[in-house]
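File shown: model.txt. Contents: compact mmCIF, C-alpha atoms and all ligand atoms.
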# COMPACT_ATOMS: atom_id res chain seq x y z
CA MET A 1 0.00 0.00 0.00
CA ILE A 2 1.28 3.45 -0.90
CA ASN A 3 2.09 5.90 1.84
CA HIS A 4 0.87 9.00 0.03
CA GLY A 5 2.58 11.28 2.53
CA ASN A 6 5.94 10.21 1.06
CA TYR A 7 5.06 10.74 -2.58
CA ARG A 8 3.92 13.54 -4.78
CA GLY A 9 1.33 14.11 -7.48
CA ILE A 10 0.98 16.48 -10.41
CA TYR A 11 -2.26 17.82 -11.85
CA ILE A 12 -2.22 19.55 -15.24
CA HIS A 13 -5.17 21.70 -16.19
CA ILE A 14 -6.22 22.09 -19.82
CA PRO A 15 -8.86 24.81 -19.49
CA PHE A 16 -10.48 24.59 -22.93
CA CYS A 17 -13.69 22.99 -24.12
CA ILE A 18 -15.40 22.98 -27.49
CA ALA A 19 -18.46 24.60 -25.90
CA LYS A 20 -19.71 25.11 -22.38
CA CYS A 21 -22.08 22.48 -20.99
CA GLY A 22 -25.31 23.81 -19.52
CA TYR A 23 -24.50 22.84 -15.93
CA CYS A 24 -20.77 23.54 -15.83
CA ASP A 25 -19.16 26.00 -13.48
CA PHE A 26 -15.57 24.70 -13.84
CA TYR A 27 -12.84 26.97 -15.05
CA SER A 28 -12.84 26.33 -18.80
CA VAL A 29 -13.04 28.51 -21.88
CA PRO A 30 -15.19 27.55 -24.90
CA ILE A 31 -13.07 27.69 -28.07
CA GLY A 32 -14.97 25.67 -30.67
CA ARG A 33 -12.61 23.40 -32.59
CA SER A 34 -9.95 26.05 -32.97
CA MET A 35 -6.39 24.74 -32.82
CA ASP A 36 -4.77 28.14 -32.33
CA TRP A 37 -4.27 28.06 -28.57
CA GLN A 38 -2.56 24.74 -27.96
CA GLU A 39 1.06 25.51 -28.82
CA GLN A 40 1.01 28.78 -26.95
CA TYR A 41 -0.53 27.13 -23.92
CA LEU A 42 1.99 24.28 -24.01
CA ARG A 43 4.83 26.81 -24.06
CA GLY A 44 3.36 28.26 -20.89
CA LEU A 45 3.16 24.82 -19.26
CA VAL A 46 6.77 24.08 -20.17
CA ALA A 47 7.91 27.41 -18.74
CA GLU A 48 5.96 26.76 -15.54
CA MET A 49 7.45 23.26 -15.19
CA GLU A 50 10.95 24.65 -15.53
CA GLN A 51 10.31 27.27 -12.88
CA ARG A 52 8.73 24.80 -10.46
CA ALA A 53 11.05 21.83 -11.00
CA SER A 54 12.86 22.39 -7.70
CA PHE A 55 9.60 22.28 -5.70
CA TYR A 56 9.78 18.51 -5.54
CA ASP A 57 13.56 18.31 -5.45
CA GLY A 58 13.96 14.69 -6.54
CA GLN A 59 10.88 13.36 -4.68
CA ARG A 60 9.08 10.65 -6.59
CA ILE A 61 5.89 11.47 -8.48
CA ILE A 62 3.39 8.61 -8.34
CA THR A 63 0.51 10.17 -10.24
CA ILE A 64 -0.07 12.61 -13.06
CA TYR A 65 -3.61 13.66 -13.90
CA ILE A 66 -4.35 15.66 -17.04
CA GLY A 67 -7.79 17.16 -16.46
CA GLY A 68 -9.92 19.99 -17.71
CA GLY A 69 -11.70 21.33 -19.51
CA THR A 70 -11.17 18.87 -22.30
CA PRO A 71 -7.56 17.60 -22.38
CA SER A 72 -8.39 15.40 -25.37
CA LEU A 73 -8.42 18.60 -27.44
CA LEU A 74 -4.61 18.32 -27.33
CA THR A 75 -3.17 16.21 -30.13
CA SER A 76 -1.50 12.92 -29.18
CA GLU A 77 1.83 14.39 -30.27
CA GLN A 78 1.32 17.30 -27.86
CA ILE A 79 0.47 14.90 -25.03
CA ASP A 80 3.64 12.97 -25.86
CA ARG A 81 5.69 16.18 -25.69
CA LEU A 82 4.04 17.20 -22.43
CA LEU A 83 4.79 13.85 -20.79
CA ASN A 84 8.38 13.86 -22.09
CA LYS A 85 8.89 17.27 -20.56
CA LEU A 86 7.43 16.10 -17.25
CA ALA A 87 9.77 13.09 -17.26
CA ALA A 88 12.76 15.32 -17.99
CA THR A 89 11.82 17.80 -15.27
CA PHE A 90 10.56 15.67 -12.37
CA THR A 91 11.43 12.25 -10.93
CA LEU A 92 8.65 9.95 -12.06
CA SER A 93 8.01 6.65 -10.31
CA SER A 94 8.44 3.59 -12.58
CA ASP A 95 4.85 2.49 -11.81
CA ILE A 96 3.33 5.95 -12.15
CA GLU A 97 -0.39 6.30 -12.87
CA ILE A 98 -0.99 8.75 -15.75
CA THR A 99 -4.62 9.65 -16.38
CA ILE A 100 -6.14 11.76 -19.10
CA GLU A 101 -9.74 12.94 -19.13
CA ALA A 102 -11.49 12.74 -22.49
CA ASN A 103 -14.76 13.81 -24.00
CA PRO A 104 -16.17 10.84 -25.98
CA ALA A 105 -16.73 13.10 -29.02
CA THR A 106 -13.03 13.94 -29.31
CA VAL A 107 -11.28 10.56 -29.42
CA ASN A 108 -10.81 7.64 -31.79
CA GLU A 109 -8.84 4.41 -31.68
CA LYS A 110 -5.71 5.79 -33.34
CA TYR A 111 -5.61 8.80 -31.05
CA LEU A 112 -6.02 6.62 -27.95
CA GLN A 113 -3.34 4.21 -29.15
CA GLU A 114 -0.94 7.13 -29.55
CA CYS A 115 -1.83 8.43 -26.09
CA ARG A 116 -1.02 5.00 -24.64
CA GLN A 117 2.29 4.95 -26.48
CA ALA A 118 3.02 8.38 -25.00
CA GLY A 119 2.64 6.86 -21.52
CA VAL A 120 -1.00 7.47 -20.58
CA ASN A 121 -2.19 4.34 -18.74
CA ARG A 122 -5.57 5.42 -17.39
CA LEU A 123 -8.45 6.93 -19.36
CA SER A 124 -11.34 8.80 -17.79
CA LEU A 125 -14.26 9.22 -20.18
CA GLY A 126 -16.83 11.94 -19.45
CA VAL A 127 -19.81 9.81 -20.50
CA GLN A 128 -22.21 11.45 -17.98
CA SER A 129 -25.26 9.55 -19.31
CA PHE A 130 -26.14 6.78 -21.76
CA ILE A 131 -29.48 8.43 -22.54
CA ASP A 132 -29.47 10.99 -25.36
CA ARG A 133 -32.33 12.99 -23.87
CA GLU A 134 -30.30 13.46 -20.67
CA LEU A 135 -27.14 14.38 -22.60
CA CYS A 136 -29.14 16.97 -24.49
CA LEU A 137 -30.49 18.46 -21.26
CA LEU A 138 -26.96 18.65 -19.85
CA GLY A 139 -25.81 20.42 -23.02
CA ARG A 140 -23.19 17.77 -23.75
CA LEU A 141 -21.83 17.70 -27.29
CA HIS A 142 -21.57 13.94 -27.55
CA SER A 143 -24.20 11.25 -28.03
CA THR A 144 -24.67 7.83 -26.46
CA GLN A 145 -23.29 6.34 -29.67
CA ASP A 146 -20.13 8.48 -29.31
CA SER A 147 -19.63 7.09 -25.80
CA LYS A 148 -20.05 3.50 -26.92
CA GLU A 149 -17.60 4.05 -29.75
CA ALA A 150 -15.08 5.75 -27.42
CA ILE A 151 -15.30 2.81 -25.00
CA ARG A 152 -14.77 0.33 -27.83
CA ALA A 153 -11.83 2.39 -29.11
CA ALA A 154 -10.29 2.59 -25.63
CA ARG A 155 -10.36 -1.18 -25.23
CA ALA A 156 -9.07 -1.73 -28.78
CA ALA A 157 -6.25 0.70 -28.05
CA GLY A 158 -5.28 -1.43 -25.05
CA PHE A 159 -6.54 0.62 -22.10
CA THR A 160 -7.03 -1.72 -19.14
CA ASN A 161 -7.77 1.02 -16.66
CA LEU A 162 -10.89 2.85 -17.74
CA ASN A 163 -13.05 5.20 -15.71
CA LEU A 164 -16.52 6.37 -16.69
CA ASP A 165 -17.99 9.53 -15.18
CA LEU A 166 -21.77 9.45 -14.80
CA ILE A 167 -24.13 12.11 -13.46
CA TYR A 168 -27.26 11.29 -11.49
CA GLY A 169 -30.07 13.53 -10.32
CA ILE A 170 -30.66 14.94 -13.83
CA PRO A 171 -34.09 16.67 -14.03
CA GLY A 172 -36.74 14.14 -14.98
CA GLN A 173 -34.48 11.16 -14.27
CA THR A 174 -36.40 8.17 -12.96
CA THR A 175 -35.05 5.17 -11.09
CA ASP A 176 -35.53 3.18 -14.32
CA ASP A 177 -33.48 5.75 -16.28
CA TRP A 178 -30.68 5.59 -13.74
CA THR A 179 -30.72 1.80 -13.61
CA ALA A 180 -30.55 1.75 -17.43
CA ASN A 181 -27.49 4.01 -17.22
CA LEU A 182 -25.81 1.69 -14.74
CA CYS A 183 -26.62 -1.35 -16.92
CA GLN A 184 -25.06 0.33 -19.95
CA ALA A 185 -22.00 1.14 -17.88
CA MET A 186 -21.73 -2.53 -16.86
CA ALA A 187 -21.76 -3.51 -20.54
CA ALA A 188 -18.48 -1.57 -20.83
CA ALA A 189 -17.05 -3.32 -17.74
CA PRO A 190 -15.05 -0.24 -16.65
CA GLU A 191 -12.44 -0.70 -13.95
CA HIS A 192 -13.67 2.45 -12.20
CA LEU A 193 -16.84 4.53 -11.97
CA SER A 194 -17.29 8.05 -10.62
CA LEU A 195 -20.90 8.97 -9.93
CA TYR A 196 -21.64 12.63 -9.37
CA LEU A 197 -24.85 14.16 -8.14
CA LEU A 198 -25.82 17.01 -10.47
CA GLN A 199 -25.05 20.23 -8.64
CA LEU A 200 -27.04 23.26 -9.57
CA GLU A 201 -24.78 26.25 -10.11
CA PRO A 202 -26.75 29.51 -10.19
CA HIS A 203 -24.72 31.20 -12.95
CA THR A 204 -25.09 28.42 -15.48
CA PRO A 205 -27.85 28.09 -18.10
CA MET A 206 -29.31 25.17 -16.15
CA GLY A 207 -29.30 27.24 -12.96
CA ARG A 208 -31.25 29.97 -14.76
CA TRP A 209 -33.79 27.51 -16.23
CA VAL A 210 -34.51 26.21 -12.74
CA ASP A 211 -34.72 29.77 -11.44
CA GLU A 212 -37.23 30.67 -14.12
CA GLY A 213 -39.34 27.57 -13.40
CA LYS A 214 -38.58 25.99 -16.80
CA LEU A 215 -36.84 23.01 -15.25
CA PHE A 216 -37.21 21.20 -11.95
CA MET A 217 -34.49 19.49 -9.97
CA LEU A 218 -35.28 16.19 -8.28
CA GLU A 219 -36.31 16.16 -4.64
CA GLU A 220 -33.54 15.25 -2.22
CA GLU A 221 -35.35 12.02 -1.36
CA GLN A 222 -35.31 11.00 -5.04
CA GLU A 223 -31.61 11.82 -5.30
CA TYR A 224 -30.95 9.72 -2.23
CA GLN A 225 -32.86 6.83 -3.80
CA LEU A 226 -30.69 6.99 -6.94
CA TYR A 227 -27.56 7.03 -4.81
CA GLN A 228 -28.69 3.98 -2.86
CA ILE A 229 -29.57 2.15 -6.09
CA SER A 230 -26.02 2.81 -7.33
CA ARG A 231 -24.40 1.47 -4.18
CA GLU A 232 -26.41 -1.74 -4.20
CA PHE A 233 -26.16 -2.26 -7.95
CA LEU A 234 -22.39 -1.75 -8.11
CA SER A 235 -21.71 -3.86 -5.05
CA HIS A 236 -23.73 -6.65 -6.68
CA HIS A 237 -21.54 -6.30 -9.80
CA GLY A 238 -18.27 -6.60 -7.91
CA TYR A 239 -17.31 -2.94 -7.47
CA GLN A 240 -16.04 -1.67 -4.16
CA GLN A 241 -17.08 1.75 -3.02
CA TYR A 242 -13.88 3.34 -1.76
CA GLU A 243 -15.07 6.93 -1.53
CA ILE A 244 -18.41 8.71 -1.32
CA SER A 245 -18.71 9.04 -5.13
CA ASN A 246 -16.19 6.48 -6.39
CA PHE A 247 -16.32 2.77 -7.09
CA ALA A 248 -13.63 0.45 -8.43
CA ARG A 249 -12.68 -3.11 -9.14
CA PRO A 250 -10.26 -4.25 -6.40
CA GLY A 251 -6.85 -2.68 -7.00
CA LYS A 252 -8.17 -0.16 -9.56
CA GLU A 253 -8.86 2.72 -7.20
CA CYS A 254 -7.73 6.04 -8.67
CA ARG A 255 -4.34 6.72 -7.18
CA HIS A 256 -4.55 10.41 -7.97
CA ASN A 257 -7.78 10.89 -6.06
CA LEU A 258 -6.51 8.79 -3.16
CA HIS A 259 -3.58 11.16 -3.06
CA TYR A 260 -5.99 14.08 -2.46
CA TRP A 261 -8.01 12.17 0.13
CA HIS A 262 -4.86 11.26 2.02
CA SER A 263 -4.28 14.99 2.17
CA ALA A 264 -0.90 14.62 0.45
CA GLU A 265 0.87 17.44 -1.37
CA TYR A 266 0.48 18.08 -5.08
CA ILE A 267 1.39 20.63 -7.71
CA GLY A 268 -1.22 21.96 -10.10
CA LEU A 269 0.22 23.17 -13.40
CA GLY A 270 -1.65 25.33 -15.88
CA ALA A 271 -4.10 28.20 -15.83
CA GLY A 272 -6.33 28.21 -12.77
CA ALA A 273 -4.80 24.97 -11.39
CA VAL A 274 -4.61 24.54 -7.62
CA SER A 275 -1.50 23.35 -5.72
CA PHE A 276 -1.18 22.27 -2.11
CA ILE A 277 2.34 22.58 -0.76
CA ASN A 278 3.69 23.39 2.71
CA ARG A 279 0.22 23.99 4.14
CA ILE A 280 -0.57 26.52 1.41
CA ARG A 281 -3.35 26.02 -1.09
CA GLN A 282 -2.67 28.27 -4.03
CA GLN A 283 -4.39 28.82 -7.34
CA ASN A 284 -2.45 29.62 -10.50
CA ALA A 285 -3.06 32.74 -12.54
CA GLN A 286 -5.75 32.66 -15.19
CA LEU A 287 -5.42 32.00 -18.89
CA ASP A 288 -4.19 35.42 -20.06
CA SER A 289 -0.86 34.90 -18.28
CA TYR A 290 -0.37 31.60 -20.02
CA LEU A 291 -1.20 32.80 -23.48
CA GLN A 292 1.08 35.82 -23.06
CA THR A 293 4.08 33.81 -21.92
CA SER A 294 5.41 33.04 -25.37
CA ASP A 295 5.21 36.64 -26.64
CA ASP A 296 6.08 38.60 -23.58
CA TYR A 297 7.91 36.41 -21.11
CA GLN A 298 7.19 37.23 -17.48
CA PRO A 299 9.04 35.56 -14.60
CA ASN A 300 6.64 33.65 -12.32
CA PHE A 301 3.83 34.42 -14.75
CA TRP A 302 1.88 31.47 -13.34
CA GLN A 303 1.69 32.71 -9.76
CA GLY A 304 -1.85 33.47 -8.75
CA GLU A 305 -3.54 33.87 -5.41
CA ILE A 306 -3.19 32.06 -2.12
CA LEU A 307 -6.54 30.44 -1.40
CA GLU A 308 -5.64 29.22 2.05
CA SER A 309 -2.57 29.39 4.28
CA MET A 310 -3.20 26.82 6.97
CA SER A 311 -2.12 26.77 10.59
CA GLU A 312 -0.94 23.38 11.89
CA ARG A 313 -4.43 22.86 13.34
CA GLN A 314 -6.18 23.69 10.06
CA ARG A 315 -3.78 21.32 8.31
CA TRP A 316 -4.82 18.31 10.35
CA ILE A 317 -8.51 19.27 10.29
CA ASP A 318 -8.21 19.28 6.50
CA ALA A 319 -6.70 15.78 6.69
CA VAL A 320 -9.63 14.58 8.85
CA VAL A 321 -12.24 15.94 6.45
CA MET A 322 -10.47 14.51 3.39
CA GLY A 323 -9.76 11.15 5.04
CA LEU A 324 -13.36 10.66 6.13
CA ARG A 325 -14.45 10.81 2.50
CA THR A 326 -12.88 7.39 1.97
CA THR A 327 -14.88 4.35 3.05
CA GLN A 328 -11.77 2.99 4.79
CA GLY A 329 -11.68 6.11 6.95
CA ILE A 330 -8.77 7.30 9.07
CA ASN A 331 -6.35 5.05 10.91
CA MET A 332 -6.17 6.91 14.20
CA ASP A 333 -2.73 5.60 15.19
CA ASP A 334 -1.27 6.64 11.84
CA PHE A 335 -2.94 10.00 12.21
CA LYS A 336 -1.34 10.50 15.61
CA ARG A 337 2.07 9.60 14.23
CA ARG A 338 1.62 11.96 11.28
CA PHE A 339 0.12 14.98 13.04
CA GLY A 340 0.68 14.33 16.75
CA VAL A 341 -3.07 14.54 17.30
CA ASP A 342 -5.23 12.09 19.25
CA LEU A 343 -8.59 12.18 17.47
CA HIS A 344 -10.35 10.53 20.42
CA GLN A 345 -9.31 13.41 22.64
CA GLU A 346 -9.72 16.25 20.15
CA TYR A 347 -13.18 15.21 19.05
CA ALA A 348 -14.47 13.41 22.18
CA GLN A 349 -17.85 15.15 22.18
CA VAL A 350 -18.34 15.23 18.40
CA ILE A 351 -17.45 11.54 18.12
CA ASN A 352 -19.84 10.58 20.93
CA GLU A 353 -22.73 12.52 19.43
CA LEU A 354 -22.15 11.30 15.88
CA MET A 355 -21.74 7.70 17.02
CA ALA A 356 -24.94 7.90 19.04
CA GLY A 357 -26.71 9.20 15.91
CA GLY A 358 -25.30 6.33 13.81
CA PHE A 359 -23.35 8.69 11.53
CA ILE A 360 -19.82 7.46 12.24
CA ILE A 361 -18.18 4.20 13.25
CA ILE A 362 -14.96 3.37 15.07
CA LYS A 363 -13.73 -0.10 14.28
CA ASP A 364 -10.30 -1.78 14.29
CA GLY A 365 -8.63 1.55 14.99
CA TYR A 366 -10.31 3.34 12.06
CA LEU A 367 -12.66 6.28 12.30
CA ARG A 368 -15.05 6.27 9.37
CA LEU A 369 -18.43 7.49 8.17
CA ALA A 370 -21.31 5.04 8.53
CA PRO A 371 -22.60 4.09 5.04
CA SER A 372 -25.96 5.68 5.92
CA ALA A 373 -24.12 9.02 6.28
CA TYR A 374 -22.42 8.98 2.86
CA PHE A 375 -25.22 10.86 1.14
CA ILE A 376 -25.29 13.55 3.82
CA SER A 377 -21.51 13.56 4.28
CA ASN A 378 -21.18 17.33 4.02
CA GLN A 379 -23.43 17.85 7.04
CA VAL A 380 -21.48 15.26 9.05
CA LEU A 381 -18.02 16.42 7.97
CA CYS A 382 -18.68 20.02 8.98
CA ARG A 383 -18.93 18.83 12.59
CA PHE A 384 -15.20 18.06 12.36
CA MET A 385 -14.36 21.51 11.03
CA ALA A 386 -15.47 23.56 14.01
S1 LIG D 1 -16.73 19.34 -20.99
FE1 LIG D 1 -16.51 19.36 -18.73
S2 LIG D 1 -15.28 21.19 -18.26
FE2 LIG D 1 -16.01 21.39 -20.39
S3 LIG D 1 -17.88 22.61 -20.22
FE3 LIG D 1 -18.51 20.44 -20.19
S4 LIG D 1 -18.56 19.90 -17.99
FE4 LIG D 1 -17.42 21.82 -18.17
Taking this structure as input, can you express it in the form of C-alpha cells?
Ligand code: SF4
Amino acid sequence: MINHGNYRGIYIHIPFCIAKCGYCDFYSVPIGRSMDWQEQYLRGLVAEMEQRASFYDGQRIITIYIGGGTPSLLTSEQIDRLLNKLAATFTLSSDIEITIEANPATVNEKYLQECRQAGVNRLSLGVQSFIDRELCLLGRLHSTQDSKEAIRAARAAGFTNLNLDLIYGIPGQTTDDWTANLCQAMAAAPEHLSLYLLQLEPHTPMGRWVDEGKLFMLEEEQEYQLYQISREFLSHHGYQQYEISNFARPGKECRHNLHYWHSAEYIGLGAGAVSFINRIRQQNAQLDSYLQTSDDYQPNFWQGEILESMSERQRWIDAVVMGLRTTQGINMDDFKRRFGVDLHQEYAQVINELMAGGFIIIKDGYLRLAPSAYFISNQVLCRFMA
C-alpha cells in the first residue's frame, strides 16, 4: 500500500472545451474546434514546469492527472511532448499512474493508441449519461453512440484502466433511467466509476432555467434513492465503493484521487490549477498569463492567489475531512504519528454525538463514516471543522 505522505502528485489543467455544458461552473473557456491556442498554452506549461522543478527536489511522483476542460483537445503528439517534458523535469516513479480525461466526441482508436504509447495508462471518459435525452439536457456535445464508440476504441487501443464519469439527479431522471445508465455502464465493464450528483450552479444556463421555473431538480429524497440504487447495484456487480462518489474493481482505485483524500501534497500546473504545498493552497493565474508567456515572457507568470494558508491545526482538520471521504476512513494511530493529534481526545464530544446518531463508526482503529451518512456527508463532515 502506498504511503501518500511520502510521494507527490501532479495535476495539469487544460482549461479549454469545445463549448460550455449547460450545468458547468468549472474553469474552462469555450473555443470551438480552434487549434490556435494549444502551442502557446503548451509553451506556458513548459515554462511553468521549468520554474517549479525544484519544488519537488527529486521526490518521486506517483501520479499525473491531465484534467480539464477537455484535455483530449490536445493532439497525441502534444500529449507525448508534455509527458516527455514532465519526465525530464521531475522524478517519475516507474509504476506511475498517468490519467487523461477525455470527451467521448473527441477521441478515436488511433488517437487513444498514440496516447497510450506516449505513456498514458488510465483513461477517464466523461460519458455522464447513456441516454441521449439526458445528454441533451446537460448540453453535452456527444451522443450515447459516441460514448459507446469511445469505450470500444479505448479497449481496442489497449486501455485496461478505464473510468466512466456518470451524473445522477438529472431533471426528470427516474429510477428506471438511472438503472438503465448503470446497466449500460456494466456492458463496458469499466475498472472504475465516478458517480456525481448534479449540482445546480446559479450562474449556469441550467441554474437559470430552474430559477425561471422551466426546469425542476429532483427532490432530495429522489436523489438519495438513486444514490442507494447505485451502491447496491455496483456492489452486486463486484465494485467496491472506496469513496463517497467512487467505485472500483479491487486494486483499480484512482491513485490520484486517493492522493488528495490522504491529504498529500500536489502541484497543479496550468491556468487556474490549484496546488497544495507546505500547508498553502494556491491557485495559478488565469489564462491570459499563459497565453502571453510566449510573446512577452514574465518571470513567475503562473503565480496566482493564495486560497488558504493553513495553521498546523487547520492542516490536520483538513486531513480529517479529506480522510473521512474514503470508506476505509482514518487510521487513528497513523494520524497520531503523522500529526501528533489524538482524534479521540480532540473530538471526544463530536465523536460521541455522531456515534450515538449512527453517523460514524470506530472499528479496528479506524474512524469512518457510517454508510448511511455517505449521502449527507457534508453535514457530518462540517462537525469536524469547528
Ligand atoms: S466538458 Fe466538462 S469542463 Fe467542459 S464545459 Fe462540459 S462539464 Fe465543463
Using 6 Å as the limit and counting all atoms listed in the file, can you tabulate each residue of chain A that touches ligand LIG 1 (chain D), with its shortest atom-to-atom distance in Å and the two atoms involved, as a tab-separated table?
residue	atom	partner	partner_atom	distance
A:Cys17	CA	D:LIG1	FE2	4.7
A:Lys20	CA	D:LIG1	S3	3.8
A:Cys21	CA	D:LIG1	FE3	4.2
A:Cys24	CA	D:LIG1	FE4	4.4
A:Phe26	CA	D:LIG1	FE4	5.5
A:Ser28	CA	D:LIG1	S2	5.7
A:Gly68	CA	D:LIG1	S2	5.5
A:Gly69	CA	D:LIG1	S2	3.8
A:Thr70	CA	D:LIG1	S1	5.7
Enumerate, as a PyMOL selection string, the protein, DNA and RNA residues whose atoms approach (-14.6, 2.9, 21.5) to within 12 Å, taking into account only C-alpha atoms and the coordinate frame of the file.
-> chain A and resi 332+343-345+348+351-352+355-356+360-367
Computed interatomic separation between CA of Pro190 in chain A and CA of Asn163 in chain A (Å) |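 Distance reported for this atom pair: 5.9 Å.
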What is the CA of Leu164 in chain A to CA of Tyr266 in chain A distance in Å?
->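 Atom-to-atom, CA of Leu164 in chain A and CA of Tyr266 in chain A are spaced 23.7 Å apart.
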So what do you get for CA of Leu82 in chain A versus CA of Arg116 in chain A, distance-wise?
->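 Here the two named atoms are 13.4 Å from each other.
Ranking A:Val341, A:Arg313, A:Ile306, A:Leu138 by their shortest atom-to-atom distance to Pro205 in chain A, with all atoms listed in the file included, puts A:Leu138 first.
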Using only C-alpha atoms, the residue out of A:Ala264, A:Ile330, A:Leu197, A:Val321 with shortest distance to Ser230 in chain A is A:Leu197
Write out as a PyMOL selection string each polymer residue whose atoms come within 12 Å of Gly207 in chain A, counting only C-alpha atoms; drop sequence neighbours fewer than 4 positions from it.
-> chain A and resi 21-25+138+171+198-203+211-217
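Of the listed residues A:Ala386, A:Val29, A:Leu193, A:Ile79, the one whose atoms come nearest to Cys115 in chain A is A:Ile79, with distances taken using only C-alpha atoms.
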May I ask you to restore N, CA and C atoms in range 173-187 of chain A and write the result as a CSV table (one decimal), in the coordinates of the input?
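Heads up, here's the output in rebuild.csv:
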chain,number,residue,atom,x,y,z
A,173,GLN,N,-35.1,12.5,-14.3
A,173,GLN,CA,-34.5,11.2,-14.3
A,173,GLN,C,-35.3,10.3,-13.3
A,174,THR,N,-35.7,9.1,-13.8
A,174,THR,CA,-36.4,8.2,-13.0
A,174,THR,C,-35.4,7.1,-12.5
A,175,THR,N,-35.9,6.3,-11.6
A,175,THR,CA,-35.0,5.2,-11.1
A,175,THR,C,-34.8,4.2,-12.2
A,176,ASP,N,-35.8,4.1,-13.1
A,176,ASP,CA,-35.5,3.2,-14.3
A,176,ASP,C,-34.5,3.8,-15.2
A,177,ASP,N,-34.5,5.1,-15.4
A,177,ASP,CA,-33.5,5.8,-16.3
A,177,ASP,C,-32.1,5.5,-15.7
A,178,TRP,N,-32.0,5.7,-14.4
A,178,TRP,CA,-30.7,5.6,-13.7
A,178,TRP,C,-30.2,4.1,-13.8
A,179,THR,N,-31.1,3.2,-13.5
A,179,THR,CA,-30.7,1.8,-13.6
A,179,THR,C,-30.3,1.4,-15.0
A,180,ALA,N,-31.0,2.0,-16.0
A,180,ALA,CA,-30.6,1.8,-17.4
A,180,ALA,C,-29.1,2.3,-17.7
A,181,ASN,N,-28.8,3.5,-17.1
A,181,ASN,CA,-27.5,4.0,-17.2
A,181,ASN,C,-26.4,3.1,-16.6
A,182,LEU,N,-26.8,2.6,-15.4
A,182,LEU,CA,-25.8,1.7,-14.7
A,182,LEU,C,-25.6,0.4,-15.5
A,183,CYS,N,-26.7,-0.1,-16.1
A,183,CYS,CA,-26.6,-1.4,-16.9
A,183,CYS,C,-25.7,-1.1,-18.1
A,184,GLN,N,-25.9,0.0,-18.8
A,184,GLN,CA,-25.1,0.3,-20.0
A,184,GLN,C,-23.6,0.4,-19.5
A,185,ALA,N,-23.4,1.0,-18.4
A,185,ALA,CA,-22.0,1.1,-17.9
A,185,ALA,C,-21.4,-0.3,-17.7
A,186,MET,N,-22.2,-1.2,-17.1
A,186,MET,CA,-21.7,-2.5,-16.9
A,186,MET,C,-21.4,-3.2,-18.2
A,187,ALA,N,-22.1,-2.9,-19.2
A,187,ALA,CA,-21.8,-3.5,-20.5
A,187,ALA,C,-20.3,-3.1,-21.0
